[in-house]
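Student: So I've got this file, work.txt, and it contains compact mmCIF, C-alpha atoms:
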# COMPACT_ATOMS: atom_id res chain seq x y z
CA MET A 171 45.55 -36.93 183.85
CA VAL A 172 45.58 -33.75 185.92
CA ASP A 173 48.43 -33.35 188.38
CA TYR A 174 47.03 -32.32 191.77
CA SER A 175 50.39 -32.08 193.54
CA PRO A 176 51.47 -28.64 194.80
CA PRO A 177 53.74 -26.76 192.36
CA LEU A 178 57.39 -26.26 193.20
CA VAL A 179 58.06 -22.58 193.86
CA SER A 180 61.44 -20.95 194.47
CA ALA A 181 61.91 -19.28 197.86
CA ASP A 182 62.45 -15.88 196.20
CA LEU A 183 59.28 -16.09 194.09
CA LYS A 184 57.29 -17.35 197.06
CA SER A 185 58.48 -14.35 199.08
CA GLN A 186 57.56 -11.92 196.28
CA LYS A 187 54.05 -13.34 196.09
CA ARG A 188 53.60 -13.30 199.87
CA GLU A 189 54.61 -9.63 200.10
CA LEU A 190 52.37 -8.67 197.17
CA ARG A 191 49.40 -10.51 198.71
CA SER A 192 49.83 -8.62 201.97
CA GLU A 193 50.04 -5.29 200.15
CA LEU A 194 46.96 -5.92 198.00
CA ILE A 195 44.80 -7.37 200.77
CA ALA A 196 45.59 -4.31 202.92
CA ALA A 197 44.70 -1.95 200.05
CA ARG A 198 41.41 -3.72 199.43
CA ALA A 199 40.56 -3.69 203.13
CA ARG A 200 40.78 0.12 203.17
CA LEU A 201 37.64 0.34 201.02
CA THR A 202 34.51 0.93 203.03
CA GLN A 203 31.61 -1.50 202.78
CA GLU A 204 29.66 1.10 200.79
CA GLU A 205 32.57 1.59 198.38
CA ARG A 206 32.95 -2.16 197.85
CA PHE A 207 29.26 -2.57 197.13
CA ALA A 208 29.10 0.39 194.72
CA ARG A 209 32.21 -0.75 192.86
CA SER A 210 30.90 -4.32 192.73
CA ARG A 211 27.78 -3.06 190.96
CA GLU A 212 29.93 -1.15 188.46
CA ILE A 213 31.91 -4.34 187.83
CA ALA A 214 28.66 -6.26 187.24
CA ASP A 215 27.59 -3.57 184.72
CA ARG A 216 30.85 -3.94 182.79
CA LEU A 217 30.73 -7.73 183.01
CA ASP A 218 27.35 -7.74 181.23
CA LEU A 219 29.09 -6.27 178.17
CA VAL A 220 31.69 -9.05 177.95
CA GLU A 221 30.52 -11.49 175.28
CA GLY A 222 32.12 -14.60 176.77
CA PHE A 223 30.20 -14.00 179.98
CA ALA A 224 26.93 -12.83 178.45
CA ALA A 225 26.72 -15.84 176.11
CA ALA A 226 27.33 -18.48 178.80
CA ARG A 227 24.35 -20.59 179.85
CA THR A 228 26.15 -21.88 182.95
CA VAL A 229 28.37 -19.48 184.89
CA ALA A 230 30.75 -20.58 187.64
CA LEU A 231 30.73 -17.94 190.38
CA TYR A 232 32.13 -17.81 193.92
CA ALA A 233 30.95 -16.81 197.37
CA PRO A 234 32.98 -13.71 198.31
CA LEU A 235 35.45 -14.16 201.14
CA GLY A 236 36.39 -11.16 203.23
CA THR A 237 36.60 -8.02 201.10
CA GLU A 238 36.39 -9.65 197.65
CA VAL A 239 34.13 -8.27 194.91
CA ASP A 240 30.50 -9.04 195.79
CA SER A 241 29.22 -11.62 193.30
CA GLY A 242 25.57 -11.38 194.38
CA VAL A 243 24.56 -8.87 191.69
CA VAL A 244 26.21 -11.03 189.02
CA ALA A 245 24.31 -14.11 190.21
CA ARG A 246 20.97 -12.31 190.01
CA ARG A 247 21.67 -11.09 186.50
CA VAL A 248 22.64 -14.54 185.26
CA THR A 249 19.49 -16.16 186.62
CA SER A 250 17.28 -13.31 185.38
CA ARG A 251 18.39 -13.99 181.81
CA GLY A 252 17.59 -17.71 182.23
CA GLY A 253 21.13 -18.85 182.96
CA ARG A 254 22.40 -21.16 185.68
CA VAL A 255 24.96 -20.35 188.38
CA ALA A 256 27.32 -22.77 190.07
CA TYR A 257 29.56 -22.41 193.11
CA PRO A 258 32.82 -24.14 194.05
CA ARG A 259 33.54 -26.74 196.67
CA ALA A 260 37.16 -27.46 197.58
CA LEU A 261 38.21 -31.11 197.45
CA ALA A 262 40.46 -31.97 200.37
CA GLY A 263 43.78 -33.46 199.31
CA GLU A 264 43.28 -32.77 195.59
CA ARG A 265 43.86 -28.99 195.44
CA ARG A 266 41.03 -28.48 192.99
CA LEU A 267 37.45 -27.25 192.96
CA VAL A 268 34.23 -28.89 191.87
CA PHE A 269 31.31 -26.66 190.91
CA CYS A 270 27.72 -27.45 191.83
CA ALA A 271 24.57 -25.72 190.59
CA CYS A 272 22.74 -24.09 193.49
CA GLU A 273 21.20 -20.80 194.55
CA PRO A 274 23.24 -18.29 196.58
CA TRP A 275 21.01 -18.68 199.65
CA GLU A 276 21.68 -22.43 199.69
CA LEU A 277 25.41 -21.98 200.35
CA VAL A 278 26.89 -23.30 203.60
CA ARG A 279 30.18 -22.43 205.28
CA GLY A 280 33.02 -24.62 203.97
CA PRO A 281 36.32 -25.66 205.59
CA LEU A 282 38.21 -22.77 203.94
CA GLY A 283 35.73 -20.23 205.37
CA ALA A 284 33.89 -19.42 202.14
CA GLY A 285 30.32 -20.35 201.26
CA GLU A 286 30.04 -23.69 199.46
CA PRO A 287 27.21 -25.69 197.88
CA PRO A 288 25.27 -27.86 200.35
CA PRO A 289 26.30 -31.53 200.68
CA GLY A 290 23.46 -32.79 198.45
CA ALA A 291 24.32 -30.55 195.48
CA THR A 292 25.39 -32.43 192.36
CA ALA A 293 28.78 -31.61 190.84
CA LEU A 294 28.76 -30.39 187.25
CA ASP A 295 30.93 -31.68 184.45
CA PRO A 296 33.56 -28.94 183.88
CA ALA A 297 32.73 -29.13 180.15
CA ASP A 298 29.20 -27.85 180.95
CA ILE A 299 30.51 -24.58 182.37
CA GLY A 300 30.60 -21.80 179.79
CA CYS A 301 32.27 -19.11 181.88
CA PHE A 302 34.30 -18.94 185.08
CA VAL A 303 34.04 -15.65 187.01
CA ILE A 304 37.15 -15.70 189.15
CA PRO A 305 38.11 -13.69 192.25
CA GLY A 306 41.69 -13.06 193.30
CA VAL A 307 44.02 -11.13 195.54
CA GLY A 308 45.68 -9.43 192.58
CA PHE A 309 45.67 -9.37 188.79
CA GLY A 310 48.16 -8.34 186.14
CA GLU A 311 47.65 -6.38 182.95
CA ASP A 312 49.39 -9.40 181.38
CA GLY A 313 46.38 -11.66 182.09
CA LEU A 314 47.73 -13.41 185.18
CA ARG A 315 46.04 -13.80 188.54
CA LEU A 316 47.41 -13.92 192.07
CA GLY A 317 45.23 -16.08 194.30
CA ARG A 318 45.50 -17.03 197.95
CA GLY A 319 48.31 -19.48 197.26
CA GLY A 320 46.51 -22.82 197.13
CA GLY A 321 46.59 -23.23 193.35
CA TYR A 322 42.98 -24.48 193.27
CA TYR A 323 41.88 -22.42 190.28
CA ASP A 324 45.05 -23.18 188.30
CA VAL A 325 44.32 -26.90 188.53
CA THR A 326 40.57 -26.56 188.02
CA LEU A 327 40.83 -24.41 184.90
CA ARG A 328 43.04 -27.01 183.21
CA GLN A 329 39.98 -29.30 183.29
CA ALA A 330 37.90 -26.80 181.31
CA PRO A 331 40.34 -25.24 178.82
CA ARG A 332 37.63 -24.00 176.43
CA ALA A 333 35.52 -22.20 179.05
CA PHE A 334 35.73 -18.40 179.12
CA ARG A 335 37.78 -17.10 182.06
CA VAL A 336 37.15 -13.64 183.44
CA GLY A 337 38.68 -12.20 186.58
CA VAL A 338 36.83 -9.61 188.66
CA ALA A 339 38.62 -7.18 190.95
CA PHE A 340 38.73 -3.64 192.20
CA ASP A 341 41.08 -1.57 190.08
CA LEU A 342 43.45 -1.05 193.02
CA GLN A 343 44.21 -4.79 192.83
CA VAL A 344 45.67 -4.55 189.32
CA ARG A 345 49.41 -4.36 188.65
CA THR A 346 51.28 -4.04 185.35
CA ALA A 347 52.60 -7.59 185.68
CA LEU A 348 52.74 -10.34 188.30
CA PRO A 349 55.45 -12.84 189.31
CA ARG A 350 54.91 -15.73 186.89
CA GLU A 351 55.21 -19.51 187.20
CA PRO A 352 54.73 -22.11 184.45
CA HIS A 353 51.53 -23.52 185.98
CA ASP A 354 49.76 -20.13 186.30
CA ALA A 355 46.45 -20.03 184.40
CA VAL A 356 45.99 -17.14 181.96
CA LEU A 357 42.64 -15.31 181.80
CA ASP A 358 40.59 -14.25 178.79
CA ALA A 359 39.49 -10.97 180.39
CA LEU A 360 39.65 -8.90 183.54
CA VAL A 361 36.86 -6.57 184.68
CA THR A 362 37.22 -3.83 187.28
CA GLU A 363 34.98 -0.89 188.09
CA ALA A 364 37.17 1.29 185.84
CA ARG A 365 38.06 -0.85 182.82
CA THR A 366 37.83 -4.12 180.94
CA LEU A 367 41.03 -5.80 179.78
CA ARG A 368 41.08 -8.63 177.24
CA PHE A 369 43.93 -11.08 176.73
CA ALA A 370 45.05 -13.39 173.94
CA ARG A 371 44.88 -16.94 175.28
CA GLU A 372 45.38 -20.01 173.11
CA VAL A 373 42.15 -22.01 173.34
CA PRO A 374 42.03 -25.68 172.22
CA ALA A 375 39.97 -26.31 169.08
Since I need it in another form, could you write the structure as structure tokens?

Tutor:
Amino acid sequence: MVDYSPPLVSADLKSQKRELRSELIAARARLTQEERFARSREIADRLDLVEGFAAARTVALYAPLGTEVDSGVVARRVTSRGGRVAYPRALAGERRLVFCACEPWELVRGPLGAGEPPPGATALDPADIGCFVIPGVGFGEDGLRLGRGGGYYDVTLRQAPRAFRVGVAFDLQVRTALPREPHDAVLDALVTEARTLRFAREVPA
């Protein structure tokens, strides 16, 4: 049974994460729209070379919020190779995401401000998702991710432990290491416009 309750975080660690989020969001916001789009295309180019992504028939994406990496190019490339894309919907009170197969233009504005699948979209079994492409505020060279603080991806990824997990970010969002908590989900790879990092994660047989 998956525990949907919020994790207990020490005041000091919570403060560290809050300060780091503010720093990274400000750095990302200094990129112009043209720079974000160009770097997003470079990220998509590098992502195509990552086997765990390229081999996935169903890819869980996201609708970018604010100045996040644009996932539109990635979606088009997945569908052009005959794959299927899915987008997340936040479940109120459960702190987790469900992913529904739909086209990018079908997304509607959700309660958290991001685009979500329309109400009639059918939720997928997490076991049917081959790869999660994951946004974030920050990433570590140790394979950890700093999200917005809700813990939605940490809980969701525990439901699909065998799926490939790849973070996408601008290189300015990457730090050597991040403040770590026991519940933090580890990635399999991280792709920026400048490099691709791979991590050793224990995957269930």

Student: If we draw a sphere of 10 Å around (43.4, -22.1, 173.0), which residues have at least one atom in it when counting only C-alpha atoms? Please report them as a list in words.

Tutor: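 Returned residue set, sorted by chain then number, is Pro331, Arg332, Ala333, Ala370, Arg371, Glu372, Val373, Pro374 and Ala375 of chain A.
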
Student: Contacts of Ala330 (chain A) at 12 Å or less, counting only C-alpha atoms, minus same-chain residues fewer than 2 places along, as a ChimeraX atom specification?

Tutor: /A:172,230,267-269,294-302,323-328,332-335,355,373-374

Student: Which residue, A:Leu183, A:Ala226, A:Ala245, A:Ile195, has the smallest gap to Val344 (chain A) when you use only C-alpha atoms?

Tutor: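 Of the candidates, the smallest distance to Val344 (chain A) is held by A:Ile195.
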
Student: Can you list every residue of region 297-372 of chain A that has an atom at most 9 Å from region 238-244 of chain A, with its nearest atom pair and the distance in Å to one decimal, using all atoms listed in the file, ordered by chain then number, as a tab-separated table?

Tutor:
residue	atom	partner	partner_atom	distance
A:Val303	CA	A:Ser241	CA	8.9
A:Pro305	CA	A:Glu238	CA	7.0
A:Gly306	CA	A:Glu238	CA	7.7
A:Val307	CA	A:Glu238	CA	8.1
A:Val338	CA	A:Val239	CA	6.9
A:Ala339	CA	A:Val239	CA	6.1
A:Phe340	CA	A:Val239	CA	7.1

Student: What does the distance from CA of Gln203 (chain A) to CA of Cys272 (chain A) come to in Å, to one decimal?

Tutor: 26.0 Å

Student: Could you tell me, as a VMD selection string, which residues have any atom at most 7 Å from (39.4, -7.7, 184.8), counting only C-alpha atoms?

Tutor: chain A and resid 336 to 339 359 to 362 366 to 367

Student: So how far away is CA of Ser192 (chain A) from CA of Glu212 (chain A), in Å?

Tutor: 25.2 Å

Student: For each of A:Gly321, A:Ala364, A:Ala284, A:Ala224, take the minimum atom-to-atom distance to Arg266 (chain A), counting all atoms listed in the file, then give the residue where this is smallest.

Tutor: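 Among the listed residues, A:Gly321 lies closest to Arg266 (chain A).
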
Student: So how far away is CA of Phe309 (chain A) from CA of Glu205 (chain A), in Å?

Tutor: 19.6 Å

Student: Which residue is closest to Val356 (chain A)? Choose from A:Arg315, A:Arg254, A:Arg265, A:Arg368 and count all atoms listed in the file.

Tutor: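 That would be A:Arg315, the residue with the smallest distance to Val356 (chain A).
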
Student: For Gly253 (chain A), which of A:Pro281, A:Pro234, A:Phe223, A:Gly319 is the closest residue, counting all atoms listed in the file?

Tutor: A:Phe223

Student: Considering only C-alpha atoms, state which residue in the set A:Ala208, A:Ala214, A:Ala271, A:Ala347 is at the smallest distance from Arg246 (chain A).

Tutor: A:Ala214

Student: Between A:Thr237, A:Thr249, A:Thr202, A:Thr346, which residue has the minimum interatomic distance to Glu273 (chain A), considering all atoms listed in the file?

Tutor: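 Of the candidates, the smallest distance to Glu273 (chain A) is held by A:Thr249.
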